[in-house]
Structure formats: structure tokens, C-alpha cells
Amino acid sequence: MEANDNSIKLYYNTEREKLQMPEYGRNVLIMVEHLKEIPDKAKRSEQARAVIKTMELLNPQVHSQDNYEHKLWDHLYMIAGYDLDIDSPYPAPLPEAKAARPMVIPIDKSPVRATHYGRNIESIIDLIAGEPDGEVKTAMIRSLAIYMRQQYLIWNKDSVADETIFSDIEKLSDYRIKVPEGLELTKISFDSGNFSRPGLNLNMGQNRKNGRKNNRKNRK
């Protein structure tokens, strides 16, 4: 069937120019293209400020960034393909700046000596090892041991002796830390289920059944 002259041509985004800044949408790109066609620079600069206001409304999360107004003007130049002659309150960005690779963030690739405690434990142990002996250091060791026991119970066994945790602290510190004699940790109840593995609560169904039985008894 031949299409009549009144048929509507549908355009897909895949057939259109790729957006440099998708968060502002294609209508902003159209506005910028019209902006570039304005012959008078003063008028072009005035309309550029109106486009900036529109971009600010369409991308309000930009307010959470430092110097967001400067970023908006940079984005305007990027949308225009860096081909925009206007009087901007900020210097025009260079295309080379966008092409530059970001600074590489160093990542500690050394193996974790005790995965069930995590890498941060090693940093805490290094901090405590540098403290002078005394009540403050003993309190820090005790708090660390309680936390390590919790992590141990989550991922390993149903119970663990305090001496095991103390031995791990000394080993992880390369024996720079000596756990004071007589140090005891608070007792915990293993019936509470507080240290069951995340996402696993095998007693959940039984607890619900017991709850329903108790409700029936109370009704009688």
C-alpha cells in the first residue's frame, strides 16, 4: 500500500545524532543548534543563559556538585561540540580535557590475611599496635576483639573461644600487640540468632509455627 502525503514519518533515536550529554535530552541539543545559528554574538550569549537555565531545570542533581554553574557552562560547550562563540562567565573548556584519562586510583592488591575479618581489620590492628600500653590501648583491643568475634561467628562457627580471637589479633599484628592477661569479653547468647549468616534464618518457619500455636492457646 502506498503511503499518502499526509503520512507521519517516525524517527528513531538510533537514526539520529548521538547525544554528547544524554541527561539533558535531545530538545536541549536542538536548542543549542538553533543557538549556534544566531548571527549576533550578544543575542547568542543572551540565549545561551536561557539554555543554561533550562539545563539546570532538567538536571537538578547538578546542584549537589561543587561549582555547578561552571559545570553547566562546560556541559553547554560539550553539547555544542566545543563550537560555540559566546560571552561566557567561565573560560571555554578544551576538547583535550575530556579526552584525558582520569587519574588512576591505587588499589591495594595485597591478599587479605583473614578474609572472614576483612581488610579493614588489618588497618585497625596497625593503628592499635602504634598506641602506647595502657588502659586506652586495652580498651581498644577489647573493642576490636568483640567485633572480630562477631565477624567470626557470622561466617565460621556457632561458637568461638576468646583465646582464639586473642591469638588471631596477635598473629595479624605480627605479634606487635600482646593481649593483656585476664582480658575477658562479654558473654553472648547463641539462642538469639543474632549471629546467624545474613539471609539465612533456619528457625524462622518454626518460630512462626510456635507463634500461631501460642495464639490459638490464648484464644481458648
# chains A, B, ... in the order shown; residues from 1 in each chain; ligands from 1
call {"tool": "residues_around", "arguments": {"residues": "region 22-39 of chain A", "least_positions_apart": "4", "cutoff": "7 Å", "atoms": "only C-alpha atoms", "output": "count of residues only"}}
result
9
call {"tool": "atom_distance", "arguments": {"atom1": "CA of Met103 (chain A)", "atom2": "CA of Leu19 (chain A)"}}
result
25.3 Å
call {"tool": "closest_atom_pairs", "arguments": {"of": "region 23-138 of chain A", "to": "region 176-187 of chain A", "cutoff": "8 Å", "atoms": "only C-alpha atoms", "output": "tab-separated table"}}
result
residue	atom	partner	partner_atom	distance
A:Ile128	CA	A:Ile177	CA	7.8
A:Ala129	CA	A:Ile177	CA	5.6
A:Thr138	CA	A:Pro180	CA	7.1
call {"tool": "write_last_selection", "arguments": {"atoms": "N, CA and C atoms", "output": "PDB file, in the first residue's frame"}}
result
ATOM      1  N   ILE A 128      46.194   0.230  66.382  1.00  0.00           N
ATOM      2  CA  ILE A 128      46.294  -0.118  67.798  1.00  0.00           C
ATOM      3  C   ILE A 128      47.734  -0.470  68.164  1.00  0.00           C
ATOM      4  N   ALA A 129      48.439  -1.116  67.243  1.00  0.00           N
ATOM      5  CA  ALA A 129      49.816  -1.508  67.529  1.00  0.00           C
ATOM      6  C   ALA A 129      50.705  -0.304  67.798  1.00  0.00           C
ATOM      7  N   THR A 138      44.212  -1.083  76.016  1.00  0.00           N
ATOM      8  CA  THR A 138      43.490  -2.289  76.420  1.00  0.00           C
ATOM      9  C   THR A 138      42.026  -2.207  76.014  1.00  0.00           C
TER      10      THR A 138
END
call {"tool": "select_by_dssp", "arguments": {"residues": "region 93-193 of chain A", "states": "helix (DSSP H, G or I)", "output": "ChimeraX atom specification"}}
result
/A:95-99,119-129,135-155,162-172
call {"tool": "write_last_selection", "arguments": {"atoms": "C-alpha atoms", "output": "mmCIF file, in the first residue's frame"}}
result
data_model
loop_
_atom_site.group_PDB
_atom_site.id
_atom_site.type_symbol
_atom_site.label_atom_id
_atom_site.label_comp_id
_atom_site.auth_asym_id
_atom_site.auth_seq_id
_atom_site.Cartn_x
_atom_site.Cartn_y
_atom_site.Cartn_z
ATOM 1 C CA PRO A 95 38.171 19.021 23.955
ATOM 2 C CA GLU A 96 41.514 17.619 25.075
ATOM 3 C CA ALA A 97 40.411 17.875 28.718
ATOM 4 C CA LYS A 98 37.531 15.461 28.123
ATOM 5 C CA ALA A 99 39.733 13.043 26.219
ATOM 6 C CA ARG A 119 40.861 -5.919 55.105
ATOM 7 C CA ASN A 120 39.888 -3.034 57.395
ATOM 8 C CA ILE A 121 40.738 -5.138 60.444
ATOM 9 C CA GLU A 122 44.395 -5.064 59.401
ATOM 10 C CA SER A 123 44.350 -1.255 59.312
ATOM 11 C CA ILE A 124 42.749 -1.115 62.763
ATOM 12 C CA ILE A 125 45.319 -3.529 64.135
ATOM 13 C CA ASP A 126 48.133 -1.376 62.716
ATOM 14 C CA LEU A 127 46.590 1.641 64.446
ATOM 15 C CA ILE A 128 46.294 -0.118 67.798
ATOM 16 C CA ALA A 129 49.816 -1.508 67.529
ATOM 17 C CA GLU A 135 44.094 1.460 79.733
ATOM 18 C CA VAL A 136 43.199 3.143 76.450
ATOM 19 C CA LYS A 137 45.047 0.536 74.393
ATOM 20 C CA THR A 138 43.490 -2.289 76.420
ATOM 21 C CA ALA A 139 40.008 -0.864 75.788
ATOM 22 C CA MET A 140 40.773 -0.626 72.071
ATOM 23 C CA ILE A 141 41.967 -4.239 71.984
ATOM 24 C CA ARG A 142 38.825 -5.379 73.794
ATOM 25 C CA SER A 143 36.519 -3.499 71.367
ATOM 26 C CA LEU A 144 38.434 -4.936 68.426
ATOM 27 C CA ALA A 145 38.194 -8.471 69.830
ATOM 28 C CA ILE A 146 34.423 -8.161 70.309
ATOM 29 C CA TYR A 147 33.978 -7.032 66.716
ATOM 30 C CA MET A 148 36.254 -9.783 65.385
ATOM 31 C CA ARG A 149 34.299 -12.365 67.375
ATOM 32 C CA GLN A 150 31.080 -11.159 65.762
ATOM 33 C CA GLN A 151 32.609 -11.443 62.301
ATOM 34 C CA TYR A 152 33.968 -14.901 63.159
ATOM 35 C CA LEU A 153 30.544 -16.111 64.298
ATOM 36 C CA ILE A 154 28.816 -14.799 61.179
ATOM 37 C CA TRP A 155 30.996 -16.653 58.713
ATOM 38 C CA ASP A 162 38.050 -15.746 73.424
ATOM 39 C CA GLU A 163 41.569 -17.172 73.301
ATOM 40 C CA THR A 164 41.131 -17.882 69.567
ATOM 41 C CA ILE A 165 40.262 -14.245 68.873
ATOM 42 C CA PHE A 166 43.151 -13.027 71.040
ATOM 43 C CA SER A 167 45.535 -15.340 69.194
ATOM 44 C CA ASP A 168 44.308 -14.018 65.814
ATOM 45 C CA ILE A 169 44.878 -10.426 66.929
ATOM 46 C CA GLU A 170 48.454 -11.200 67.923
ATOM 47 C CA LYS A 171 49.164 -13.104 64.709
ATOM 48 C CA LEU A 172 47.641 -10.450 62.434
#
call {"tool": "residues_around", "arguments": {"residues": "region 64-72 of chain A", "least_positions_apart": "6", "cutoff": "10 Å", "atoms": "only C-alpha atoms", "output": "PyMOL selection string"}}
result
chain A and resi 51-53+55-56+78+88-93
